[in-house]
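Chemist: This is the structure, below, for whatever I ask next.
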There are 2 protein chains.
Amino acid sequence: MSSATIKDVAKLAGVSPSTVSRVLSQHPKISPATVRKVKEAMETLGYHPNIMAKSLVSKSTQTLGLVLPRSAEELFINPFFSEVLRGMLAYANTAKYDLLMSSAHSQQEELEAVNRMVMGRRVDGIILMAPRKSDPIVDRLREHDFPFVLLGRSVDYDDVLCVNNDNRKAAYDATNHLIEQGHTRIGYVSGPPDLVVSEDRLAGYREALAEANLPCNREWLVGTEILEKSGFHAISLVMNLPERPTAFVIADDVVAFGLIRELYQAGLSVPQDVSIVSFNNIVMSELSNPPISTIDIGIYHLGYLTVQQLIRKISGEAITQPQITVPHRLIVRGSSVRSHK
Amino acid sequence: MSSATIKDVAKLAGVSPSTVSRVLSQHPKISPATVRKVKEAMETLGYHPNIMAKSLVSKSTQTLGLVLPRSAEELFINPFFSEVLRGMLAYANTAKYDLLMSSAHSQQEELEAVNRMVMGRRVDGIILMAPRKSDPIVDRLREHDFPFVLLGRSVDYDDVLCVNNDNRKAAYDATNHLIEQGHTRIGYVSGPPDLVVSEDRLAGYREALAEANLPCNREWLVGTEILEKSGFHAISLVMNLPERPTAFVIADDVVAFGLIRELYQAGLSVPQDVSIVSFNNIVMSELSNPPISTIDIGIYHLGYLTVQQLIRKISGEAITQPQITVPHRLIVRGSSVRSHK
DNA sequence: CTGAAAGCGCTAACAG
DNA sequence: CTGTTAGCGCTTTCAG
């Protein structure tokens, strides 16, 4: 049962263990004859290198750590996560890296998880998702000079690797689209408050309004509690204002789904009564009724590039551009254009 | 930089390495005094055990492998995956296990991934998702007597661990709900054809119809191509039949979203013209317009129990019940009940 | 209760 | 081109 070791292979092939090790690591100066002999022996023994032993000496694990934020609950609900993970795995796979995931329910656990992974030399690098305004883990990793990359941007340092969208510009574009459609009263439904991305998007929204000399009524700003399953519906408050918005920029497709439903229940339909543009372009936003206009932020690409950057860093490649911005584009669908029937 | 080893701690604490190791593994017979000394030393040195070294000798990695099926692309689009992963991580976390993910694009890569993980002694057990009719990996793992668990059921063996729903019964219940609402012409939209779950659900649908002496028209069976973004819309074919269905059982919530949209574009509305019941109860099914009636299969729970079973197996606990069935329940929402306005 | 010694499976100089 | 010799950092008998 217990698999064959490098010694067994060496014995069978009639060579020394180091020779076997050499063919394993494709060492250049090995005679083709021995290579064949050794490979045969490996074959017949069904040999597979013990990765633990290997990485104990080589100090490399070919593994990347993904620590899920303490808001994992929220995050997971969102198809954004699976899509970004898909991108990460895709690149990791091509580079022969695996992903080690660990979730944490508290700040405490989060730190412990990072410690286990980093100090335990279990991973070669760490991916941090959705950074908060000032993340102690970032500080920590930075001090230790351990390779890591941020999916999002760092507000504190500009030398840390990160992959991000221009969220300010994206929100600006989304808002402008609504303005171009003739809307003058445009509301905003925000995402989780302490996330950097939420702030950036809100800023872009404000900027677009200011530039167009449009009012930015505080009463038109809605928190994410709109998705809450409780009886309280924040949106009806907004829609019952004397001067109610005719359009909304929404920080997340999933929230847009909820909003459309809420509006519908309040007797308002999209886009006839209210236009909507949101963010992410998750697959289902196209399947919504009406289909949701949204900013495609290239989720898959975000994940892909995040891992690419990290692996570059690990391999010691020179990184010309620590901060990568994935381009976004507006996808106009039914939720923001009145049909001309 | 390079972290402290057990030796450094030993030196600082004035004991031998083995003693340090013993306090690490909570060995019973250690004097409280030395325990304190050692712990202090660990503290001041910022010591963290090297997991690779540890597992090299202990032959345990505290890691579970998750090999993503080659249809990962499809799978990932579906929020089902993130929810099940959430459940897996939740239990893994409590048991101090991490999850190692690896994706594969081909059958070949899939096997390689399993090999790397299993033979490389990188994981203590493997989770297999969405098994196909006869999966060579299952055979392999079974022969090697390596701990693994199936999320789904095995058609070939009944001694392998698996966690599943009673999908036949679930589809039966869904169909019956429609029958109770007075429908007599009920169609079915299926999932990926070669998956065991797809088959089970189709069987349950057929059974319910048969029992109620209702026709099971072949023309009312739609493949998943309905979600295809191409111009071709399978559903219009069905809805243009002289005897068209007044209700559909749909194998997956995401597909239901697409269907509702298609129907809407064809001028038909849900539930007025067509009633719908689907499967999974992903979070967004409640946010749909109309909200989707669906069978809650306890996705989170599935993931949670899958990992629990696997860890039990790994720990050598006696497993009284190799096959676990997670209960399902019908959630009736707007898509299957005409409102009485 | 604690230390010394051996070794998990692999790699990496250093000699041939 | 290949074998020998030392470890990587930790656990685990076996003696005290």
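Identifiers in this document derive from the order of the structure tokens: chains are assigned A, B, ..., residues are numbered from 1 separately in each chain, and ligands are numbered from 1 in order of occurrence.
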Using only C-alpha atoms (C1' of nucleotides), determine which residues of chain B fall within 9 Å of chain C; present them as a list in words.

Modeler: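 My answer is Val15, Ser16, Pro17, Ser18, Thr19, Lys29, Ile30, Ser31, Ala53, Ser55, Leu56, Val57, Ser58 and Lys59 of chain B.
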
Chemist: Can you spit out the residues from that selection as a compact mmCIF listing (two decimals), in the first residue's frame, using C-alpha atoms?

Modeler:
# COMPACT_ATOMS: atom_id res chain seq x y z
CA VAL B 15 15.34 21.75 27.02
CA SER B 16 15.71 19.19 24.27
CA PRO B 17 13.92 19.36 20.94
CA SER B 18 11.84 16.34 21.81
CA THR B 19 10.46 18.10 24.83
CA LYS B 29 3.37 13.79 31.04
CA ILE B 30 5.17 17.08 30.95
CA SER B 31 5.74 19.16 34.03
CA ALA B 53 8.18 18.60 8.25
CA SER B 55 3.39 15.79 8.07
CA LEU B 56 6.41 14.15 6.54
CA VAL B 57 6.80 12.13 9.67
CA SER B 58 3.25 12.01 10.95
CA LYS B 59 1.86 11.04 7.55

Chemist: Which residues of chain B are close to chain A, meaning at most 7 Å apart when you count only C-alpha atoms, and how do they look as a PDB file with N, CA and C atoms, in the first residue's frame?

Modeler:
ATOM      1  N   SER B   3      11.969  31.497   9.675  1.00  0.00           N
ATOM      2  CA  SER B   3      11.377  31.328  10.994  1.00  0.00           C
ATOM      3  C   SER B   3      12.157  30.366  11.886  1.00  0.00           C
ATOM      4  N   HIS B  48       6.410  28.966  14.820  1.00  0.00           N
ATOM      5  CA  HIS B  48       5.272  28.237  14.251  1.00  0.00           C
ATOM      6  C   HIS B  48       5.788  26.960  13.649  1.00  0.00           C
ATOM      7  N   PRO B  49       5.169  25.837  13.964  1.00  0.00           N
ATOM      8  CA  PRO B  49       5.666  24.559  13.448  1.00  0.00           C
ATOM      9  C   PRO B  49       5.645  24.521  11.931  1.00  0.00           C
ATOM     10  N   ASN B  50       6.626  23.922  11.365  1.00  0.00           N
ATOM     11  CA  ASN B  50       6.680  23.711   9.927  1.00  0.00           C
ATOM     12  C   ASN B  50       5.818  22.502   9.585  1.00  0.00           C
ATOM     13  N   ILE B  51       4.738  22.792   8.912  1.00  0.00           N
ATOM     14  CA  ILE B  51       3.747  21.750   8.671  1.00  0.00           C
ATOM     15  C   ILE B  51       4.247  20.659   7.742  1.00  0.00           C
ATOM     16  N   MET B  52       5.093  21.052   6.808  1.00  0.00           N
ATOM     17  CA  MET B  52       5.622  20.061   5.879  1.00  0.00           C
ATOM     18  C   MET B  52       6.442  19.016   6.628  1.00  0.00           C
ATOM     19  N   ALA B  53       7.332  19.500   7.483  1.00  0.00           N
ATOM     20  CA  ALA B  53       8.184  18.598   8.250  1.00  0.00           C
ATOM     21  C   ALA B  53       7.318  17.702   9.133  1.00  0.00           C
ATOM     22  N   LEU B  56       5.507  15.131   7.135  1.00  0.00           N
ATOM     23  CA  LEU B  56       6.413  14.151   6.536  1.00  0.00           C
ATOM     24  C   LEU B  56       6.560  12.953   7.475  1.00  0.00           C
ATOM     25  N   PHE B  76     -19.195  26.149 -12.179  1.00  0.00           N
ATOM     26  CA  PHE B  76     -18.845  27.376 -11.498  1.00  0.00           C
ATOM     27  C   PHE B  76     -19.832  28.488 -11.730  1.00  0.00           C
ATOM     28  N   ILE B  77     -20.449  28.419 -12.856  1.00  0.00           N
ATOM     29  CA  ILE B  77     -21.416  29.455 -13.181  1.00  0.00           C
ATOM     30  C   ILE B  77     -22.533  29.400 -12.171  1.00  0.00           C
ATOM     31  N   PRO B  79     -24.320  29.132  -8.675  1.00  0.00           N
ATOM     32  CA  PRO B  79     -24.134  29.459  -7.263  1.00  0.00           C
ATOM     33  C   PRO B  79     -24.190  28.228  -6.378  1.00  0.00           C
ATOM     34  N   SER B  82     -20.694  27.535  -4.995  1.00  0.00           N
ATOM     35  CA  SER B  82     -20.136  28.327  -3.894  1.00  0.00           C
ATOM     36  C   SER B  82     -20.819  27.992  -2.583  1.00  0.00           C
ATOM     37  N   GLU B  83     -22.088  27.672  -2.682  1.00  0.00           N
ATOM     38  CA  GLU B  83     -22.810  27.351  -1.458  1.00  0.00           C
ATOM     39  C   GLU B  83     -22.331  26.030  -0.862  1.00  0.00           C
ATOM     40  N   ARG B  86     -19.038  26.529   0.682  1.00  0.00           N
ATOM     41  CA  ARG B  86     -19.177  27.218   1.954  1.00  0.00           C
ATOM     42  C   ARG B  86     -19.438  26.203   3.080  1.00  0.00           C
ATOM     43  N   LEU B  89     -16.175  24.171   3.729  1.00  0.00           N
ATOM     44  CA  LEU B  89     -15.188  24.923   4.482  1.00  0.00           C
ATOM     45  C   LEU B  89     -15.607  25.082   5.928  1.00  0.00           C
ATOM     46  N   ASN B  93     -13.153  23.667   8.661  1.00  0.00           N
ATOM     47  CA  ASN B  93     -12.587  24.639   9.574  1.00  0.00           C
ATOM     48  C   ASN B  93     -12.692  24.225  11.032  1.00  0.00           C
ATOM     49  N   ASP B  98      -7.854  22.043   6.056  1.00  0.00           N
ATOM     50  CA  ASP B  98      -7.949  22.993   4.965  1.00  0.00           C
ATOM     51  C   ASP B  98      -8.352  22.247   3.704  1.00  0.00           C
ATOM     52  N   LEU B  99      -8.732  23.008   2.714  1.00  0.00           N
ATOM     53  CA  LEU B  99      -9.141  22.406   1.455  1.00  0.00           C
ATOM     54  C   LEU B  99      -8.145  22.755   0.362  1.00  0.00           C
ATOM     55  N   LEU B 100      -7.698  21.760  -0.351  1.00  0.00           N
ATOM     56  CA  LEU B 100      -6.784  21.996  -1.455  1.00  0.00           C
ATOM     57  C   LEU B 100      -7.539  21.799  -2.755  1.00  0.00           C
ATOM     58  N   MET B 101      -7.618  22.852  -3.546  1.00  0.00           N
ATOM     59  CA  MET B 101      -8.391  22.752  -4.774  1.00  0.00           C
ATOM     60  C   MET B 101      -7.508  22.666  -5.992  1.00  0.00           C
ATOM     61  N   SER B 102      -7.965  21.904  -6.918  1.00  0.00           N
ATOM     62  CA  SER B 102      -7.229  21.737  -8.153  1.00  0.00           C
ATOM     63  C   SER B 102      -8.263  21.577  -9.250  1.00  0.00           C
ATOM     64  N   SER B 103      -8.073  22.264 -10.330  1.00  0.00           N
ATOM     65  CA  SER B 103      -9.065  22.117 -11.384  1.00  0.00           C
ATOM     66  C   SER B 103      -8.458  21.378 -12.553  1.00  0.00           C
ATOM     67  N   MET B 119      -1.093  10.187  -4.301  1.00  0.00           N
ATOM     68  CA  MET B 119       0.182   9.492  -4.260  1.00  0.00           C
ATOM     69  C   MET B 119       1.265  10.393  -3.684  1.00  0.00           C
ATOM     70  N   GLY B 120       1.129  11.681  -3.898  1.00  0.00           N
ATOM     71  CA  GLY B 120       2.100  12.615  -3.352  1.00  0.00           C
ATOM     72  C   GLY B 120       1.871  12.845  -1.871  1.00  0.00           C
ATOM     73  N   ARG B 121       0.880  12.153  -1.325  1.00  0.00           N
ATOM     74  CA  ARG B 121       0.575  12.251   0.109  1.00  0.00           C
ATOM     75  C   ARG B 121       0.339  13.708   0.515  1.00  0.00           C
ATOM     76  N   ARG B 122      -0.337  14.371  -0.341  1.00  0.00           N
ATOM     77  CA  ARG B 122      -0.540  15.778  -0.075  1.00  0.00           C
ATOM     78  C   ARG B 122      -1.829  16.032   0.668  1.00  0.00           C
ATOM     79  N   PHE B 257     -34.241  30.564 -14.288  1.00  0.00           N
ATOM     80  CA  PHE B 257     -34.099  31.993 -14.594  1.00  0.00           C
ATOM     81  C   PHE B 257     -34.140  32.217 -16.098  1.00  0.00           C
ATOM     82  N   GLY B 258     -33.343  31.445 -16.787  1.00  0.00           N
ATOM     83  CA  GLY B 258     -33.273  31.579 -18.236  1.00  0.00           C
ATOM     84  C   GLY B 258     -34.630  31.319 -18.863  1.00  0.00           C
ATOM     85  N   ARG B 261     -37.165  34.080 -18.558  1.00  0.00           N
ATOM     86  CA  ARG B 261     -36.848  35.141 -19.497  1.00  0.00           C
ATOM     87  C   ARG B 261     -37.312  34.781 -20.907  1.00  0.00           C
ATOM     88  N   VAL B 283     -29.837  31.320  -3.424  1.00  0.00           N
ATOM     89  CA  VAL B 283     -30.319  32.559  -2.817  1.00  0.00           C
ATOM     90  C   VAL B 283     -31.112  33.410  -3.800  1.00  0.00           C
ATOM     91  N   LEU B 287     -35.125  36.058  -5.184  1.00  0.00           N
ATOM     92  CA  LEU B 287     -35.086  37.429  -5.686  1.00  0.00           C
ATOM     93  C   LEU B 287     -35.575  37.527  -7.123  1.00  0.00           C
ATOM     94  N   SER B 288     -35.913  36.405  -7.693  1.00  0.00           N
ATOM     95  CA  SER B 288     -36.394  36.419  -9.063  1.00  0.00           C
ATOM     96  C   SER B 288     -37.747  37.101  -9.135  1.00  0.00           C
ATOM     97  N   ASN B 289     -38.134  37.424 -10.320  1.00  0.00           N
ATOM     98  CA  ASN B 289     -39.422  38.065 -10.529  1.00  0.00           C
ATOM     99  C   ASN B 289     -40.189  37.294 -11.583  1.00  0.00           C
TER     100      ASN B 289
END

Chemist: Write out as a Markdown table a residue-level contact list of chain D versus chain B with cut-off 7 Å: for each qualifying residue the closest pair of atoms and the distance in Å to one decimal, counting only C-alpha atoms (C1' of nucleotides), rows sorted by chain and residue number upward.

Modeler:
| residue | atom | partner | partner_atom | distance |
| --- | --- | --- | --- | --- |
| D:DG9 | C1' | B:Ala53 | CA | 5.1 |
| D:DC10 | C1' | B:Lys54 | CA | 5.0 |
| D:DT11 | C1' | B:Val57 | CA | 6.3 |

Chemist: List the spatial neighbours of Leu161 of chain B as an NGL selection string - criterion: any atom at most 10 Å away, only C-alpha atoms (C1' of nucleotides), same-chain residues fewer than 5 positions off excluded.

Modeler: :B and (147-154 or 306 or 309-310 or 313 or 319 or 321-324)

Chemist: In segment 51-127 of chain B, what's alpha helix (DSSP H) per DSSP? Answer as a PyMOL selection string?

Modeler: chain B and resi 51-58+72-77+79-94+107-119

Chemist: Excluding segment 215-223 of chain B and any residue of its chain fewer than 6 positions from it, enumerate the residues within 8 Å of it, using only C-alpha atoms (C1' of nucleotides), and give them as a ChimeraX atom specification.

Modeler: /B:184-191,206,209,234-235,238,244-245

Chemist: List every residue of segment 84-332 of chain B that DSSP, applied to the backbone of this structure, assigns to strand (DSSP E), and report them as a PyMOL selection string.

Modeler: chain B and resi 98-103+125-129+148-151+162-165+186-189+221-222+247-250+275-279+293-296+323-326+329-331

Chemist: Take the residues that were just selected and, keeping N, CA and C atoms, output them as a compact mmCIF listing (two decimals), in the first residue's frame.

Modeler:
# COMPACT_ATOMS: atom_id res chain seq x y z
N ASP B 98 -7.85 22.04 6.06
CA ASP B 98 -7.95 22.99 4.97
C ASP B 98 -8.35 22.25 3.70
N LEU B 99 -8.73 23.01 2.71
CA LEU B 99 -9.14 22.41 1.46
C LEU B 99 -8.15 22.75 0.36
N LEU B 100 -7.70 21.76 -0.35
CA LEU B 100 -6.78 22.00 -1.45
C LEU B 100 -7.54 21.80 -2.76
N MET B 101 -7.62 22.85 -3.55
CA MET B 101 -8.39 22.75 -4.77
C MET B 101 -7.51 22.67 -5.99
N SER B 102 -7.97 21.90 -6.92
CA SER B 102 -7.23 21.74 -8.15
C SER B 102 -8.26 21.58 -9.25
N SER B 103 -8.07 22.26 -10.33
CA SER B 103 -9.07 22.12 -11.38
C SER B 103 -8.46 21.38 -12.55
N GLY B 125 -7.55 12.98 2.31
CA GLY B 125 -8.77 12.44 1.75
C GLY B 125 -9.20 13.27 0.57
N ILE B 126 -10.13 12.74 -0.20
CA ILE B 126 -10.54 13.41 -1.44
C ILE B 126 -12.06 13.55 -1.50
N ILE B 127 -12.50 14.70 -1.96
CA ILE B 127 -13.92 14.90 -2.19
C ILE B 127 -14.16 14.91 -3.69
N LEU B 128 -15.08 14.09 -4.13
CA LEU B 128 -15.41 14.04 -5.55
C LEU B 128 -16.79 14.62 -5.77
N MET B 129 -16.89 15.54 -6.69
CA MET B 129 -18.18 16.17 -6.92
C MET B 129 -18.86 15.68 -8.18
N PHE B 148 -12.19 8.66 0.58
CA PHE B 148 -12.82 9.64 -0.29
C PHE B 148 -14.33 9.62 -0.08
N VAL B 149 -14.95 10.67 -0.51
CA VAL B 149 -16.39 10.76 -0.36
C VAL B 149 -16.98 11.38 -1.62
N LEU B 150 -18.17 10.93 -1.96
CA LEU B 150 -18.84 11.42 -3.14
C LEU B 150 -19.92 12.41 -2.76
N LEU B 151 -19.94 13.54 -3.44
CA LEU B 151 -21.08 14.43 -3.31
C LEU B 151 -22.00 14.07 -4.45
N CYS B 162 -21.07 8.38 0.50
CA CYS B 162 -21.58 9.50 -0.27
C CYS B 162 -22.67 10.26 0.46
N VAL B 163 -22.79 11.49 0.09
CA VAL B 163 -23.78 12.38 0.65
C VAL B 163 -24.61 12.89 -0.51
N ASN B 164 -25.89 12.76 -0.38
CA ASN B 164 -26.74 13.00 -1.53
C ASN B 164 -28.13 13.43 -1.10
N ASN B 165 -28.93 13.85 -2.06
CA ASN B 165 -30.35 14.03 -1.79
C ASN B 165 -31.08 12.83 -2.36
N ILE B 186 -47.46 18.72 -18.05
CA ILE B 186 -46.27 19.20 -17.35
C ILE B 186 -45.00 18.81 -18.08
N GLY B 187 -44.21 19.80 -18.44
CA GLY B 187 -42.95 19.54 -19.16
C GLY B 187 -41.78 19.43 -18.20
N TYR B 188 -40.64 19.09 -18.76
CA TYR B 188 -39.44 18.92 -17.94
C TYR B 188 -38.23 19.49 -18.66
N VAL B 189 -37.48 20.32 -17.96
CA VAL B 189 -36.24 20.85 -18.53
C VAL B 189 -35.09 20.23 -17.76
N LEU B 221 -40.11 17.43 -23.20
CA LEU B 221 -38.81 17.30 -22.54
C LEU B 221 -37.79 18.19 -23.24
N VAL B 222 -37.25 19.10 -22.48
CA VAL B 222 -36.32 20.05 -23.08
C VAL B 222 -34.91 19.85 -22.53
N ALA B 247 -47.06 23.84 -17.40
CA ALA B 247 -46.13 23.91 -16.27
C ALA B 247 -44.85 23.16 -16.61
N PHE B 248 -43.77 23.55 -15.91
CA PHE B 248 -42.49 22.87 -16.11
C PHE B 248 -41.82 22.55 -14.79
N VAL B 249 -41.24 21.37 -14.74
CA VAL B 249 -40.30 21.05 -13.67
C VAL B 249 -38.92 21.29 -14.29
N ILE B 250 -38.08 22.05 -13.58
CA ILE B 250 -36.80 22.43 -14.16
C ILE B 250 -35.67 21.98 -13.25
N SER B 275 -46.58 27.61 -15.12
CA SER B 275 -46.07 27.50 -13.76
C SER B 275 -44.72 26.83 -13.78
N ILE B 276 -43.95 27.12 -12.77
CA ILE B 276 -42.59 26.61 -12.74
C ILE B 276 -42.17 26.16 -11.35
N VAL B 277 -41.53 24.99 -11.28
CA VAL B 277 -40.86 24.57 -10.05
C VAL B 277 -39.47 24.10 -10.44
N SER B 278 -38.48 24.53 -9.69
CA SER B 278 -37.14 24.04 -10.03
C SER B 278 -36.42 23.48 -8.81
N PHE B 279 -35.11 23.37 -8.90
CA PHE B 279 -34.33 22.73 -7.84
C PHE B 279 -33.19 23.60 -7.35
N SER B 293 -40.51 29.00 -7.22
CA SER B 293 -40.79 27.84 -6.38
C SER B 293 -39.72 26.81 -6.65
N THR B 294 -39.20 26.25 -5.60
CA THR B 294 -38.04 25.38 -5.82
C THR B 294 -37.91 24.35 -4.71
N ILE B 295 -37.19 23.29 -5.00
CA ILE B 295 -36.92 22.29 -3.98
C ILE B 295 -35.62 22.68 -3.29
N ASP B 296 -35.72 22.97 -2.03
CA ASP B 296 -34.52 23.27 -1.26
C ASP B 296 -33.83 21.95 -0.95
N GLN B 323 -24.02 5.91 3.34
CA GLN B 323 -24.76 6.76 2.42
C GLN B 323 -25.70 7.69 3.18
N ILE B 324 -25.41 8.97 3.11
CA ILE B 324 -26.24 9.92 3.81
C ILE B 324 -27.17 10.64 2.85
N THR B 325 -28.41 10.76 3.26
CA THR B 325 -29.36 11.49 2.42
C THR B 325 -29.79 12.76 3.12
N VAL B 326 -29.53 13.88 2.50
CA VAL B 326 -29.94 15.16 3.07
C VAL B 326 -31.39 15.42 2.67
N ARG B 329 -36.90 19.96 0.83
CA ARG B 329 -38.28 20.39 1.02
C ARG B 329 -38.69 21.40 -0.04
N LEU B 330 -39.94 21.32 -0.37
CA LEU B 330 -40.48 22.21 -1.40
C LEU B 330 -40.73 23.59 -0.83
N ILE B 331 -40.25 24.59 -1.52
CA ILE B 331 -40.53 25.96 -1.13
C ILE B 331 -41.44 26.55 -2.19

Chemist: Go ahead and compute the interatomic distance for atom CA of Asp124 of chain A and atom CA of Val160 of chain A, in Å to one decimal.

Modeler: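 Calculated distance between atom CA of Asp124 of chain A and atom CA of Val160 of chain A is 16.3 Å.
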
Chemist: If you measure from atom CA of Val35 of chain A to atom CA of Ala13 of chain A, what distance in Å do you get, rounded to one decimal?

Modeler: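 About the pair atom CA of Val35 of chain A and atom CA of Ala13 of chain A: they are 9.6 Å apart.
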
Chemist: In Å to one decimal, how far is atom CA of Pro193 of chain A from atom CA of His328 of chain A?

Modeler: 22.0 Å
